[in-house]
$ cat model_8.pdb   # PDB, C-alpha atoms
ATOM      1  CA  MET S   1       2.214 -22.034  10.631  1.00  0.00           C
ATOM      2  CA  ALA S   2       5.884 -21.429  11.299  1.00  0.00           C
ATOM      3  CA  THR S   3       8.563 -22.696   8.956  1.00  0.00           C
ATOM      4  CA  ALA S   4      11.375 -24.957  10.147  1.00  0.00           C
ATOM      5  CA  PHE S   5      13.719 -21.980   9.784  1.00  0.00           C
ATOM      6  CA  GLY S   6      11.407 -19.782  11.863  1.00  0.00           C
ATOM      7  CA  LYS S   7      11.154 -22.391  14.606  1.00  0.00           C
ATOM      8  CA  LYS S   8      14.935 -22.806  14.722  1.00  0.00           C
ATOM      9  CA  LEU S   9      15.516 -19.022  14.721  1.00  0.00           C
ATOM     10  CA  ALA S  10      13.033 -18.500  17.573  1.00  0.00           C
ATOM     11  CA  GLU S  11      14.596 -21.352  19.515  1.00  0.00           C
ATOM     12  CA  ARG S  12      18.169 -20.104  19.073  1.00  0.00           C
ATOM     13  CA  THR S  13      17.362 -16.464  19.888  1.00  0.00           C
ATOM     14  CA  LYS S  14      14.819 -17.339  22.591  1.00  0.00           C
ATOM     15  CA  ALA S  15      12.468 -14.940  20.804  1.00  0.00           C
ATOM     16  CA  GLU S  16       8.810 -14.588  21.677  1.00  0.00           C
ATOM     17  CA  THR S  17       6.400 -15.988  19.070  1.00  0.00           C
ATOM     18  CA  ASP S  18       2.687 -15.856  18.497  1.00  0.00           C
ATOM     19  CA  LYS S  19       0.497 -18.961  18.150  1.00  0.00           C
ATOM     20  CA  SER S  20       1.266 -19.232  14.421  1.00  0.00           C
ATOM     21  CA  GLY S  21       5.022 -19.083  15.038  1.00  0.00           C
ATOM     22  CA  ARG S  22       5.739 -15.537  13.884  1.00  0.00           C
ATOM     23  CA  ILE S  23       8.638 -13.980  15.769  1.00  0.00           C
ATOM     24  CA  LYS S  24       8.003 -10.742  17.671  1.00  0.00           C
ATOM     25  CA  VAL S  25      10.298  -7.966  16.448  1.00  0.00           C
ATOM     26  CA  ASN S  26      11.286  -4.592  17.862  1.00  0.00           C
ATOM     27  CA  ALA S  27      10.032  -1.346  16.325  1.00  0.00           C
ATOM     28  CA  ASP S  28      13.187  -1.271  14.157  1.00  0.00           C
ATOM     29  CA  LEU S  29      12.420  -4.809  12.877  1.00  0.00           C
ATOM     30  CA  THR S  30      15.243  -6.494  14.797  1.00  0.00           C
ATOM     31  CA  ILE S  31      14.846  -9.498  17.063  1.00  0.00           C
ATOM     32  CA  PRO S  32      14.952  -8.436  20.738  1.00  0.00           C
ATOM     33  CA  GLY S  33      18.490  -8.877  22.059  1.00  0.00           C
ATOM     34  CA  TYR S  34      19.907  -9.236  18.527  1.00  0.00           C
ATOM     35  CA  PRO S  35      20.328  -5.759  16.984  1.00  0.00           C
ATOM     36  CA  ASP S  36      22.019  -7.201  13.891  1.00  0.00           C
ATOM     37  CA  ILE S  37      19.234  -9.635  12.954  1.00  0.00           C
ATOM     38  CA  PHE S  38      16.435  -7.987  10.995  1.00  0.00           C
ATOM     39  CA  LEU S  39      13.271  -9.932  10.329  1.00  0.00           C
ATOM     40  CA  VAL S  40      10.705  -8.872   7.729  1.00  0.00           C
ATOM     41  CA  GLY S  41       7.741 -10.407   5.951  1.00  0.00           C
ATOM     42  CA  ASP S  42       5.560 -13.337   6.953  1.00  0.00           C
ATOM     43  CA  LEU S  43       7.888 -14.526   9.713  1.00  0.00           C
ATOM     44  CA  ALA S  44       7.990 -11.153  11.497  1.00  0.00           C
ATOM     45  CA  LEU S  45       5.367 -10.266  14.090  1.00  0.00           C
ATOM     46  CA  ALA S  46       5.382  -6.493  13.766  1.00  0.00           C
ATOM     47  CA  THR S  47       2.615  -4.320  15.155  1.00  0.00           C
ATOM     48  CA  ASN S  48       0.975  -1.062  14.148  1.00  0.00           C
ATOM     49  CA  LYS S  49       0.653   2.059  16.314  1.00  0.00           C
ATOM     50  CA  ASP S  50      -2.302   0.474  18.156  1.00  0.00           C
ATOM     51  CA  GLY S  51      -0.315  -2.666  19.003  1.00  0.00           C
ATOM     52  CA  LYS S  52      -2.248  -4.854  16.541  1.00  0.00           C
ATOM     53  CA  PRO S  53      -0.249  -7.308  14.388  1.00  0.00           C
ATOM     54  CA  LEU S  54       0.371  -6.243  10.803  1.00  0.00           C
ATOM     55  CA  PRO S  55      -1.065  -8.539   8.122  1.00  0.00           C
ATOM     56  CA  GLY S  56       1.183 -11.029   6.359  1.00  0.00           C
ATOM     57  CA  VAL S  57       0.864  -9.471   2.907  1.00  0.00           C
ATOM     58  CA  ALA S  58       3.422  -8.411   0.302  1.00  0.00           C
ATOM     59  CA  GLN S  59       2.760  -4.708   0.861  1.00  0.00           C
ATOM     60  CA  VAL S  60       3.883  -4.968   4.493  1.00  0.00           C
ATOM     61  CA  ALA S  61       6.946  -7.066   3.608  1.00  0.00           C
ATOM     62  CA  MET S  62       8.081  -4.637   0.879  1.00  0.00           C
ATOM     63  CA  GLN S  63       7.832  -1.646   3.205  1.00  0.00           C
ATOM     64  CA  GLN S  64       9.635  -3.563   5.962  1.00  0.00           C
ATOM     65  CA  GLY S  65      12.384  -4.549   3.532  1.00  0.00           C
ATOM     66  CA  ARG S  66      12.944  -0.930   2.459  1.00  0.00           C
ATOM     67  CA  HIS S  67      13.078   0.211   6.090  1.00  0.00           C
ATOM     68  CA  ALA S  68      15.531  -2.518   7.134  1.00  0.00           C
ATOM     69  CA  ALA S  69      17.706  -1.804   4.078  1.00  0.00           C
ATOM     70  CA  LYS S  70      17.917   1.893   5.001  1.00  0.00           C
ATOM     71  CA  VAL S  71      18.905   1.065   8.571  1.00  0.00           C
ATOM     72  CA  ILE S  72      21.552  -1.421   7.423  1.00  0.00           C
ATOM     73  CA  HIS S  73      22.911   0.985   4.796  1.00  0.00           C
ATOM     74  CA  ARG S  74      23.262   3.772   7.349  1.00  0.00           C
ATOM     75  CA  ARG S  75      25.015   1.460   9.791  1.00  0.00           C
ATOM     76  CA  VAL S  76      27.457   0.204   7.157  1.00  0.00           C
ATOM     77  CA  THR S  77      28.248   3.667   5.787  1.00  0.00           C
ATOM     78  CA  GLY S  78      28.615   5.220   9.226  1.00  0.00           C
ATOM     79  CA  GLY S  79      25.532   7.407   8.941  1.00  0.00           C
ATOM     80  CA  SER S  80      23.089   7.992  11.724  1.00  0.00           C
ATOM     81  CA  PRO S  81      20.275   5.452  11.987  1.00  0.00           C
ATOM     82  CA  PRO S  82      16.777   6.583  11.041  1.00  0.00           C
ATOM     83  CA  GLY S  83      15.197   8.486  13.895  1.00  0.00           C
ATOM     84  CA  ARG S  84      11.853   6.762  13.605  1.00  0.00           C
ATOM     85  CA  PRO S  85      10.779   3.139  13.965  1.00  0.00           C
ATOM     86  CA  PHE S  86       9.129   1.207  11.146  1.00  0.00           C
ATOM     87  CA  SER S  87       5.655   2.491  10.389  1.00  0.00           C
ATOM     88  CA  TYR S  88       3.376   0.692   7.956  1.00  0.00           C
ATOM     89  CA  PHE S  89       1.398   2.802   5.480  1.00  0.00           C
ATOM     90  CA  ASP S  90      -1.707   0.915   4.317  1.00  0.00           C
ATOM     91  CA  LYS S  91      -2.242   1.719   0.636  1.00  0.00           C
ATOM     92  CA  GLY S  92      -5.313  -0.491   0.388  1.00  0.00           C
ATOM     93  CA  ASN S  93      -6.117  -3.995  -0.813  1.00  0.00           C
ATOM     94  CA  MET S  94      -6.625  -5.639  -4.174  1.00  0.00           C
ATOM     95  CA  ALA S  95      -7.743  -9.129  -5.124  1.00  0.00           C
ATOM     96  CA  VAL S  96      -8.500 -10.888  -8.379  1.00  0.00           C
ATOM     97  CA  VAL S  97     -11.825 -12.658  -8.140  1.00  0.00           C
ATOM     98  CA  GLY S  98     -11.977 -14.138 -11.635  1.00  0.00           C
ATOM     99  CA  LYS S  99     -11.124 -13.582 -15.269  1.00  0.00           C
ATOM    100  CA  GLY S 100     -11.384  -9.854 -15.878  1.00  0.00           C
ATOM    101  CA  PHE S 101     -12.827  -9.119 -12.436  1.00  0.00           C
ATOM    102  CA  ALA S 102     -11.101  -7.800  -9.318  1.00  0.00           C
ATOM    103  CA  VAL S 103     -11.861  -5.755  -6.239  1.00  0.00           C
ATOM    104  CA  LEU S 104      -9.860  -2.773  -5.036  1.00  0.00           C
ATOM    105  CA  GLU S 105     -10.344  -0.825  -1.822  1.00  0.00           C
ATOM    106  CA  SER S 106      -8.197   1.993  -0.582  1.00  0.00           C
ATOM    107  CA  HIS S 107      -9.411   4.020   2.353  1.00  0.00           C
ATOM    108  CA  LYS S 108     -12.690   5.576   1.096  1.00  0.00           C
ATOM    109  CA  VAL S 109     -12.452   4.275  -2.483  1.00  0.00           C
ATOM    110  CA  ALA S 110     -13.902   0.911  -3.489  1.00  0.00           C
ATOM    111  CA  VAL S 111     -13.916  -0.315  -7.087  1.00  0.00           C
ATOM    112  CA  SER S 112     -14.769  -3.676  -8.593  1.00  0.00           C
ATOM    113  CA  GLY S 113     -15.023  -5.157 -12.041  1.00  0.00           C
ATOM    114  CA  PHE S 114     -12.895  -4.971 -15.154  1.00  0.00           C
ATOM    115  CA  GLY S 115     -11.388  -1.564 -14.263  1.00  0.00           C
ATOM    116  CA  ALA S 116     -10.171  -2.885 -10.914  1.00  0.00           C
ATOM    117  CA  TRP S 117      -8.734  -5.927 -12.703  1.00  0.00           C
ATOM    118  CA  LEU S 118      -6.787  -3.677 -15.108  1.00  0.00           C
ATOM    119  CA  ALA S 119      -5.517  -1.604 -12.154  1.00  0.00           C
ATOM    120  CA  TRP S 120      -4.417  -4.802 -10.375  1.00  0.00           C
ATOM    121  CA  ALA S 121      -2.544  -5.994 -13.471  1.00  0.00           C
ATOM    122  CA  PHE S 122      -0.845  -2.613 -14.031  1.00  0.00           C
ATOM    123  CA  ILE S 123       0.265  -2.289 -10.404  1.00  0.00           C
ATOM    124  CA  HIS S 124       1.627  -5.834 -10.292  1.00  0.00           C
ATOM    125  CA  LEU S 125       3.564  -5.348 -13.517  1.00  0.00           C
ATOM    126  CA  GLN S 126       5.151  -2.171 -12.124  1.00  0.00           C
ATOM    127  CA  PHE S 127       6.630  -4.064  -9.189  1.00  0.00           C
ATOM    128  CA  LEU S 128       8.511  -6.524 -11.418  1.00  0.00           C
ATOM    129  CA  ALA S 129      12.255  -5.917 -11.532  1.00  0.00           C
ATOM    130  CA  THR S 130      12.983  -5.397 -15.217  1.00  0.00           C
ATOM    131  CA  SER S 131      11.165  -4.224 -18.321  1.00  0.00           C
ATOM    132  CA  SER S 132      11.879  -7.548 -20.073  1.00  0.00           C
ATOM    133  CA  LEU S 133      10.232  -9.405 -17.187  1.00  0.00           C
ATOM    134  CA  ARG S 134       7.270  -7.024 -17.298  1.00  0.00           C
ATOM    135  CA  LEU S 135       6.875  -7.682 -21.025  1.00  0.00           C
ATOM    136  CA  SER S 136       7.188 -11.456 -20.574  1.00  0.00           C
ATOM    137  CA  VAL S 137       4.571 -11.580 -17.799  1.00  0.00           C
ATOM    138  CA  PHE S 138       2.268  -9.229 -19.717  1.00  0.00           C
ATOM    139  CA  LEU S 139       2.433 -11.450 -22.825  1.00  0.00           C
ATOM    140  CA  GLN S 140       1.762 -14.563 -20.717  1.00  0.00           C
ATOM    141  CA  TRP S 141      -1.278 -12.848 -19.175  1.00  0.00           C
ATOM    142  CA  VAL S 142      -2.593 -11.795 -22.607  1.00  0.00           C
ATOM    143  CA  TRP S 143      -2.148 -15.351 -23.901  1.00  0.00           C
ATOM    144  CA  THR S 144      -3.953 -16.797 -20.893  1.00  0.00           C
ATOM    145  CA  TYR S 145      -6.772 -14.236 -21.097  1.00  0.00           C
ATOM    146  CA  PHE S 146      -7.584 -14.807 -24.762  1.00  0.00           C
ATOM    147  CA  THR S 147      -6.903 -18.555 -25.045  1.00  0.00           C
ATOM    148  CA  ASP S 148      -7.880 -19.776 -21.570  1.00  0.00           C
ATOM    149  CA  GLN S 149      -4.663 -21.815 -21.687  1.00  0.00           C
ATOM    150  CA  ARG S 150      -1.896 -21.398 -19.159  1.00  0.00           C
ATOM    151  CA  ALA S 151       1.591 -21.068 -20.570  1.00  0.00           C
ATOM    152  CA  SER S 152       3.920 -23.988 -19.940  1.00  0.00           C
ATOM    153  CA  ARG S 153       5.860 -23.697 -16.705  1.00  0.00           C
ATOM    154  CA  LEU S 154       8.431 -26.385 -17.422  1.00  0.00           C
ATOM    155  CA  ILE S 155      12.095 -25.891 -16.601  1.00  0.00           C
ATOM    156  CA  VAL S 156      14.084 -27.234 -19.517  1.00  0.00           C
ATOM    157  CA  ASN S 157      17.784 -27.668 -20.125  1.00  0.00           C
ATOM    158  CA  HIS S 158      18.390 -25.636 -23.304  1.00  0.00           C
ATOM    159  CA  HIS S 159      22.185 -25.837 -23.150  1.00  0.00           C
ATOM    160  CA  GLY S 160      22.552 -29.591 -23.637  1.00  0.00           C
ATOM    161  CA  THR S 161      24.597 -30.058 -20.466  1.00  0.00           C
ATOM    162  CA  GLN S 162      24.029 -32.809 -17.972  1.00  0.00           C
ATOM    163  CA  PRO S 163      22.600 -31.804 -14.569  1.00  0.00           C
ATOM    164  CA  VAL S 164      25.013 -32.090 -11.648  1.00  0.00           C
ATOM    165  CA  LYS S 165      24.071 -34.717  -9.084  1.00  0.00           C
ATOM    166  CA  ALA S 166      23.363 -33.273  -5.647  1.00  0.00           C
ATOM    167  CA  ALA S 167      25.730 -35.649  -3.832  1.00  0.00           C
ATOM    168  CA  GLU S 168      28.670 -34.802  -6.111  1.00  0.00           C
ATOM    169  CA  ASP S 169      27.914 -31.108  -5.953  1.00  0.00           C
ATOM    170  CA  ALA S 170      27.620 -31.044  -2.150  1.00  0.00           C
ATOM    171  CA  SER S 171      31.082 -32.500  -1.640  1.00  0.00           C
ATOM    172  CA  SER S 172      32.874 -29.928  -3.771  1.00  0.00           C
ATOM    173  CA  LYS S 173      31.009 -26.644  -3.190  1.00  0.00           C
ATOM    174  CA  PRO S 174      29.820 -24.729  -0.163  1.00  0.00           C
ATOM    175  CA  ALA S 175      26.093 -24.735   0.420  1.00  0.00           C
ATOM    176  CA  ILE S 176      24.048 -21.585   0.019  1.00  0.00           C
ATOM    177  CA  VAL S 177      20.862 -21.403   2.045  1.00  0.00           C
ATOM    178  CA  ALA S 178      18.264 -18.890   0.930  1.00  0.00           C
TER     179      ALA S 178
END
$ encode --input "model_8.pdb" --output "structure tokens"
Amino acid sequence: MATAFGKKLAERTKAETDKSGRIKVNADLTIPGYPDIFLVGDLALATNKDGKPLPGVAQVAMQQGRHAAKVIHRRVTGGSPPGRPFSYFDKGNMAVVGKGFAVLESHKVAVSGFGAWLAWAFIHLQFLATSSLRLSVFLQWVWTYFTDQRASRLIVNHHGTQPVKAAEDASSKPAIVA
């Protein structure tokens, strides 16, 4: 199902969408007719070499993001754009099924069980941005595994300051939409 942003973007650019609201993109991940608007991830309807839509998974979005970043960097620095369109490389699929059990398939390899679960955990930790975040997530996972208790996910105000009211904040600062 398309987001409000996706619907508005498709409407404003008169872009073609599929039945779920994903916006069809060119081979370079731009919206047709808008060479400066790159679209990646779940909202982008990109296709493989056979013309079939790519799945809406993180692996696709990460590869699309790297490709778009390279194109933008080359444009900004005056370099030549990449000579090839975006091409998705399927590394395989992983899924956690339960505590200590996952499935992993990559081309001709299929593994399940505790080993696949450890591989899933290791790979996911490697994609986190910093070593401190990796350590924090790892410790939370260890706690959850051995205690069967989820760590608290509360957002608390540790600095003792009062939160700013949205109405006051909106009148004095520009809005940032992410």
$ atom_distance --input "model_8.pdb" --atom1 "CA of Lys24 in chain S" --atom2 "CA of Gly79 in chain S"
26.7 Å
$ atom_distance --input "model_8.pdb" --atom1 "CA of Val76 in chain S" --atom2 "CA of Phe89 in chain S"
26.2 Å
$ atom_distance --input "model_8.pdb" --atom1 "CA of Arg12 in chain S" --atom2 "CA of Ala68 in chain S"
21.4 Å
$ residues_near_point --input "model_8.pdb" --point "(5.9, -5.2, -10.5)" --cutoff "12 Å" --atoms "only C-alpha atoms" --output "PyMOL selection string"
chain S and resi 58-59+62+120-138
$ write_last_selection --input "model_8.pdb" --atoms "C-alpha atoms" --output "PDB file, in the frame of the given file"
ATOM      1  CA  ALA S  58       3.422  -8.411   0.302  1.00  0.00           C
ATOM      2  CA  GLN S  59       2.760  -4.708   0.861  1.00  0.00           C
ATOM      3  CA  MET S  62       8.081  -4.637   0.879  1.00  0.00           C
ATOM      4  CA  TRP S 120      -4.417  -4.802 -10.375  1.00  0.00           C
ATOM      5  CA  ALA S 121      -2.544  -5.994 -13.471  1.00  0.00           C
ATOM      6  CA  PHE S 122      -0.845  -2.613 -14.031  1.00  0.00           C
ATOM      7  CA  ILE S 123       0.265  -2.289 -10.404  1.00  0.00           C
ATOM      8  CA  HIS S 124       1.627  -5.834 -10.292  1.00  0.00           C
ATOM      9  CA  LEU S 125       3.564  -5.348 -13.517  1.00  0.00           C
ATOM     10  CA  GLN S 126       5.151  -2.171 -12.124  1.00  0.00           C
ATOM     11  CA  PHE S 127       6.630  -4.064  -9.189  1.00  0.00           C
ATOM     12  CA  LEU S 128       8.511  -6.524 -11.418  1.00  0.00           C
ATOM     13  CA  ALA S 129      12.255  -5.917 -11.532  1.00  0.00           C
ATOM     14  CA  THR S 130      12.983  -5.397 -15.217  1.00  0.00           C
ATOM     15  CA  SER S 131      11.165  -4.224 -18.321  1.00  0.00           C
ATOM     16  CA  SER S 132      11.879  -7.548 -20.073  1.00  0.00           C
ATOM     17  CA  LEU S 133      10.232  -9.405 -17.187  1.00  0.00           C
ATOM     18  CA  ARG S 134       7.270  -7.024 -17.298  1.00  0.00           C
ATOM     19  CA  LEU S 135       6.875  -7.682 -21.025  1.00  0.00           C
ATOM     20  CA  SER S 136       7.188 -11.456 -20.574  1.00  0.00           C
ATOM     21  CA  VAL S 137       4.571 -11.580 -17.799  1.00  0.00           C
ATOM     22  CA  PHE S 138       2.268  -9.229 -19.717  1.00  0.00           C
TER      23      PHE S 138
END
$ resolve_selection --input "model_8.pdb" --expression "the PyMOL selection byres ((chain S and resi 102) around 9)" --output "list in words"
Met94, Ala95, Val96, Val97, Gly98, Lys99, Gly100, Phe101, Val103, Leu104, Val111, Ser112, Gly113, Phe114, Gly115, Ala116, Trp117, Leu118, Ala119 and Trp120 of chain S
$ residues_around --input "model_8.pdb" --residues "Ile37 in chain S" --least-positions-apart "3" --cutoff "12 Å" --atoms "all atoms listed in the file" --output "list of chain:residue names"
S:Leu9, S:Ala10, S:Thr13, S:Ala15, S:Ile23, S:Val25, S:Asn26, S:Asp28, S:Leu29, S:Thr30, S:Ile31, S:Pro32, S:Gly33, S:Tyr34, S:Val40, S:Ala44, S:Ala68, S:Ala69, S:Val71, S:Ile72
$ write_last_selection --input "model_8.pdb" --atoms "C-alpha atoms" --output "PDB file, keeping the file's coordinate frame"
ATOM      1  CA  LEU S   9      15.516 -19.022  14.721  1.00  0.00           C
ATOM      2  CA  ALA S  10      13.033 -18.500  17.573  1.00  0.00           C
ATOM      3  CA  THR S  13      17.362 -16.464  19.888  1.00  0.00           C
ATOM      4  CA  ALA S  15      12.468 -14.940  20.804  1.00  0.00           C
ATOM      5  CA  ILE S  23       8.638 -13.980  15.769  1.00  0.00           C
ATOM      6  CA  VAL S  25      10.298  -7.966  16.448  1.00  0.00           C
ATOM      7  CA  ASN S  26      11.286  -4.592  17.862  1.00  0.00           C
ATOM      8  CA  ASP S  28      13.187  -1.271  14.157  1.00  0.00           C
ATOM      9  CA  LEU S  29      12.420  -4.809  12.877  1.00  0.00           C
ATOM     10  CA  THR S  30      15.243  -6.494  14.797  1.00  0.00           C
ATOM     11  CA  ILE S  31      14.846  -9.498  17.063  1.00  0.00           C
ATOM     12  CA  PRO S  32      14.952  -8.436  20.738  1.00  0.00           C
ATOM     13  CA  GLY S  33      18.490  -8.877  22.059  1.00  0.00           C
ATOM     14  CA  TYR S  34      19.907  -9.236  18.527  1.00  0.00           C
ATOM     15  CA  VAL S  40      10.705  -8.872   7.729  1.00  0.00           C
ATOM     16  CA  ALA S  44       7.990 -11.153  11.497  1.00  0.00           C
ATOM     17  CA  ALA S  68      15.531  -2.518   7.134  1.00  0.00           C
ATOM     18  CA  ALA S  69      17.706  -1.804   4.078  1.00  0.00           C
ATOM     19  CA  VAL S  71      18.905   1.065   8.571  1.00  0.00           C
ATOM     20  CA  ILE S  72      21.552  -1.421   7.423  1.00  0.00           C
TER      21      ILE S  72
END
$ closest_residue --input "model_8.pdb" --among "S:Val142, S:Val57, S:Ala4, S:Ala27" --to "Phe86 in chain S" --atoms "all atoms listed in the file"
S:Ala27
$ closest_residue --input "model_8.pdb" --among "S:Pro35, S:Pro85, S:Gly51, S:Gly21" --to "Gln64 in chain S" --atoms "all atoms listed in the file"
S:Pro85
$ closest_residue --input "model_8.pdb" --among "S:His107, S:Arg74, S:Arg66, S:Lys14" --to "Tyr88 in chain S" --atoms "all atoms listed in the file"
S:Arg66
